[in-house]
Amino acid sequence: MNLLFIIFAAIVVVSALGVVLLRNPVHSALALVSNLVGVAAIYAMLNAHFLAVVQIIVYAGAIVVLVLFVLMLLNMKVEALKRHEKIFYTTVMLVAVAFCAAILPILHQFFGEFNPAASLTIASGAAASGAAALPRVEGTVEAIGKVLFTRYLFLFEAASILIMAALVGAVMLSHRVSNANGSSVNSGPSTDPSTTVRS
Amino acid sequence: MTPLSFYLALSAIMFVIGCVGAIVRRNAIVVFMCIELMLNAVNLSFVAFSHSVGNLDGQIAVFFVMVVAAAEAAVGLAIILGLFRTTKSVETSAANEMRL
């Protein structure tokens with residue numbers, strides 16, 4: 001077992017716990033950044049270089065910054081723990097720990113000896129040895145781009161439409177609704193009453 | 001060479017932590033971050049399987065999950081902003097009626 005994997009797995013688990021357990025939402029967001037960077041490092045260990053970079057740019061760069069912007073806009077208080085919620089919290093934690101204790105041995109049993117090359121050769125009936133390894137995939141920009149723009153071209157275009165729709169929706173949702181007397185809050189320079197949109 | 005089951009175990013632990021956070025926390029933004037945590041856990045197992053099976057399609061799936069997560073971040077945070085405008089609170093229990 002790899003030493004680097006242990007280090008990054010520890011970073012990932014500890015910072016994930018930090019996201020959940022820290023009381024201040026800004027601290028949670030910073031723990032989320034270190035979690036995402038740790039996951040990106042594990043992607044790089046798995047030869048998914050493109051995804052590692054995209055993870056840092058999109059998640060740690062864009063999404064967490066967006067979350068921090070909203071946190072600063074809202075200026076909220078630190079969440080206080082109510083007394084009657086203690087028993088709820090302990091119940092949820094116990095269920096989570098029991099779930100982990102149940103699923104981890106199963107995962108190890110099914111995938112500890114997982115060898116896709118051997119299972120594929122068995123399935124195809126070939127008598128080749130299991131050591132005939134599968135082609136080693138490298139998730140480089142070139143390899144991902146080739147697959148993305150040939151086989152998944154339609155999905156790629158659909159994703160761009162989805163992003164566009166999300167952009168328009170976010171602008172619509174965060175747009176300030178005009179007041180009841182017709183004076184729009186952020187109508188800007190359009191002070192002419194005939195052009196002001198009345199809702 | 002780390003076996004596949006270790007990556008899957010890490011992914012499962014991360015998913016459970018995110019799920020607990022989404023259930024337990026009352027701040028809507030922290031719940032949102034816990035959802036991101038769960039998405040990342042699933043992405044991690046996608047990449048681990050892609051590496052193990054020797055197929056690039058899992059990484060493409062992760063790419064699309066990231067696209068959807070970005071769209072979800074934009075819309076979700078705008079909704080939280082609107083919730084704060086109407087109720088002066090971002091607690092999930094404040095969103096108990098559908099009218100604005």
# chains A, B, ... in the order shown; residues from 1 in each chain; ligands from 1
>>> residues_around(residues="B:Ser89", least_positions_apart="5", cutoff="9 Å", atoms="only C-alpha atoms", output="list in words")
Leu74 and Met76 of chain A; Asn27, Leu83, Phe84, Ala94 and Ala95 of chain B
>>> residues_around(residues="stretch 28-42 of chain B", least_positions_apart="5", cutoff="7 Å", atoms="only C-alpha atoms", output="list in words")
Pro25 of chain A; Ser11, Ala12, Met14, Phe15, Gly18, Cys19, Gly21, Ala22, Val90, Glu91 and Thr92 of chain B
>>> write_last_selection(atoms="C-alpha atoms", output="PDB file, in the first residue's frame")
ATOM      1  CA  PRO A  25     -19.514  28.086   7.824  1.00  0.00           C
TER       2      PRO A  25
ATOM      3  CA  SER B  11     -15.146   6.955  -1.192  1.00  0.00           C
ATOM      4  CA  ALA B  12     -17.707   5.240   1.043  1.00  0.00           C
ATOM      5  CA  MET B  14     -16.482  10.337   2.439  1.00  0.00           C
ATOM      6  CA  PHE B  15     -20.012   9.724   1.197  1.00  0.00           C
ATOM      7  CA  GLY B  18     -21.313  14.058   3.590  1.00  0.00           C
ATOM      8  CA  CYS B  19     -24.651  12.344   4.091  1.00  0.00           C
ATOM      9  CA  GLY B  21     -23.651  16.467   7.357  1.00  0.00           C
ATOM     10  CA  ALA B  22     -26.554  16.985   4.981  1.00  0.00           C
ATOM     11  CA  VAL B  90     -30.474  30.521   5.869  1.00  0.00           C
ATOM     12  CA  GLU B  91     -31.582  27.751   8.173  1.00  0.00           C
ATOM     13  CA  THR B  92     -33.214  24.900   6.333  1.00  0.00           C
TER      14      THR B  92
END
>>> residues_around(residues="stretch 15-23 of chain A", least_positions_apart="6", cutoff="6 Å", atoms="only C-alpha atoms", output="PyMOL selection string")
(chain A and resi 31-32+35+79) or (chain B and resi 21)
>>> write_last_selection(atoms="C-alpha atoms", output="mmCIF file, in the first residue's frame")
data_model
loop_
_atom_site.group_PDB
_atom_site.id
_atom_site.type_symbol
_atom_site.label_atom_id
_atom_site.label_comp_id
_atom_site.auth_asym_id
_atom_site.auth_seq_id
_atom_site.Cartn_x
_atom_site.Cartn_y
_atom_site.Cartn_z
ATOM 1 C CA ALA A 31 -12.035 22.540 5.033
ATOM 2 C CA LEU A 32 -13.909 21.797 1.809
ATOM 3 C CA ASN A 35 -10.763 18.102 0.912
ATOM 4 C CA GLU A 79 -24.765 27.949 14.338
ATOM 5 C CA GLY B 21 -23.651 16.467 7.357
#
>>> residues_around(residues="B:Tyr7", least_positions_apart="6", cutoff="8 Å", atoms="only C-alpha atoms", output="count of residues only")
3
>>> residues_around(residues="B:Val75", least_positions_apart="6", cutoff="7 Å", atoms="only C-alpha atoms", output="ChimeraX atom specification")
/A:166,169-170
>>> select_by_dssp(residues="stretch 60-94 of chain B", states="alpha helix (DSSP H)", output="PyMOL selection string")
chain B and resi 60-87
>>> write_last_selection(atoms="N, CA and C atoms", output="compact mmCIF listing (two decimals), in the first residue's frame")
# COMPACT_ATOMS: atom_id res chain seq x y z
N ILE B 60 -15.02 10.37 -18.13
CA ILE B 60 -15.97 11.24 -18.83
C ILE B 60 -17.19 11.48 -17.94
N ALA B 61 -17.64 10.41 -17.27
CA ALA B 61 -18.79 10.57 -16.37
C ALA B 61 -18.47 11.56 -15.27
N VAL B 62 -17.25 11.50 -14.74
CA VAL B 62 -16.85 12.44 -13.70
C VAL B 62 -16.88 13.87 -14.24
N PHE B 63 -16.44 14.04 -15.47
CA PHE B 63 -16.46 15.36 -16.09
C PHE B 63 -17.89 15.90 -16.13
N PHE B 64 -18.85 15.06 -16.51
CA PHE B 64 -20.23 15.55 -16.59
C PHE B 64 -20.80 15.80 -15.20
N VAL B 65 -20.39 14.99 -14.23
CA VAL B 65 -20.84 15.27 -12.85
C VAL B 65 -20.33 16.62 -12.40
N MET B 66 -19.10 16.96 -12.77
CA MET B 66 -18.56 18.27 -12.41
C MET B 66 -19.34 19.39 -13.07
N VAL B 67 -19.72 19.18 -14.34
CA VAL B 67 -20.52 20.20 -15.04
C VAL B 67 -21.84 20.43 -14.31
N VAL B 68 -22.51 19.32 -13.96
CA VAL B 68 -23.79 19.45 -13.29
C VAL B 68 -23.61 20.08 -11.91
N ALA B 69 -22.50 19.76 -11.23
CA ALA B 69 -22.27 20.34 -9.91
C ALA B 69 -22.07 21.85 -10.02
N ALA B 70 -21.39 22.29 -11.07
CA ALA B 70 -21.19 23.73 -11.24
C ALA B 70 -22.51 24.42 -11.49
N ALA B 71 -23.36 23.82 -12.36
CA ALA B 71 -24.67 24.41 -12.61
C ALA B 71 -25.50 24.44 -11.33
N GLU B 72 -25.41 23.35 -10.56
CA GLU B 72 -26.16 23.26 -9.31
C GLU B 72 -25.67 24.31 -8.32
N ALA B 73 -24.37 24.57 -8.31
CA ALA B 73 -23.84 25.58 -7.39
C ALA B 73 -24.41 26.94 -7.72
N ALA B 74 -24.43 27.29 -9.00
CA ALA B 74 -24.93 28.61 -9.38
C ALA B 74 -26.40 28.77 -8.98
N VAL B 75 -27.22 27.79 -9.36
CA VAL B 75 -28.66 27.92 -9.10
C VAL B 75 -28.95 27.78 -7.61
N GLY B 76 -28.27 26.82 -6.95
CA GLY B 76 -28.55 26.59 -5.53
C GLY B 76 -28.19 27.79 -4.68
N LEU B 77 -27.05 28.40 -4.97
CA LEU B 77 -26.67 29.56 -4.16
C LEU B 77 -27.59 30.74 -4.43
N ALA B 78 -28.08 30.85 -5.68
CA ALA B 78 -29.05 31.92 -5.94
C ALA B 78 -30.34 31.67 -5.17
N ILE B 79 -30.73 30.41 -5.06
CA ILE B 79 -31.95 30.09 -4.29
C ILE B 79 -31.73 30.41 -2.82
N ILE B 80 -30.53 30.08 -2.29
CA ILE B 80 -30.25 30.38 -0.88
C ILE B 80 -30.28 31.88 -0.64
N LEU B 81 -29.76 32.63 -1.63
CA LEU B 81 -29.79 34.08 -1.52
C LEU B 81 -31.23 34.59 -1.47
N GLY B 82 -32.08 34.04 -2.33
CA GLY B 82 -33.49 34.43 -2.30
C GLY B 82 -34.17 34.06 -1.01
N LEU B 83 -33.80 32.88 -0.47
CA LEU B 83 -34.35 32.45 0.82
C LEU B 83 -33.96 33.44 1.92
N PHE B 84 -32.70 33.88 1.88
CA PHE B 84 -32.25 34.83 2.90
C PHE B 84 -32.98 36.16 2.76
N ARG B 85 -33.28 36.57 1.53
CA ARG B 85 -33.99 37.84 1.33
C ARG B 85 -35.40 37.78 1.90
N THR B 86 -36.06 36.65 1.73
CA THR B 86 -37.46 36.59 2.17
C THR B 86 -37.58 36.28 3.65
N THR B 87 -36.69 35.43 4.20
CA THR B 87 -36.87 34.99 5.58
C THR B 87 -35.81 35.52 6.53
>>> residues_around(residues="A:Cys100", least_positions_apart="5", cutoff="10 Å", atoms="only C-alpha atoms", output="mmCIF file with C-alpha atoms, in the first residue's frame")
data_model
loop_
_atom_site.group_PDB
_atom_site.id
_atom_site.type_symbol
_atom_site.label_atom_id
_atom_site.label_comp_id
_atom_site.auth_asym_id
_atom_site.auth_seq_id
_atom_site.Cartn_x
_atom_site.Cartn_y
_atom_site.Cartn_z
ATOM 1 C CA LEU A 94 -24.319 5.812 15.373
ATOM 2 C CA VAL A 95 -26.201 4.891 12.189
ATOM 3 C CA PRO A 105 -15.654 -5.492 4.941
ATOM 4 C CA ALA B 9 -13.545 2.432 1.122
ATOM 5 C CA ALA B 12 -17.707 5.240 1.043
ATOM 6 C CA ILE B 13 -16.390 6.956 4.169
ATOM 7 C CA PHE B 15 -20.012 9.724 1.197
ATOM 8 C CA VAL B 16 -21.243 8.771 4.663
ATOM 9 C CA ILE B 17 -19.641 11.854 6.199
#
>>> atom_distance(atom1="atom CA of A:Glu157", atom2="atom CA of B:Leu56")
19.1 Å
>>> atom_distance(atom1="atom CA of A:Val13", atom2="atom CA of B:Leu10")
7.7 Å
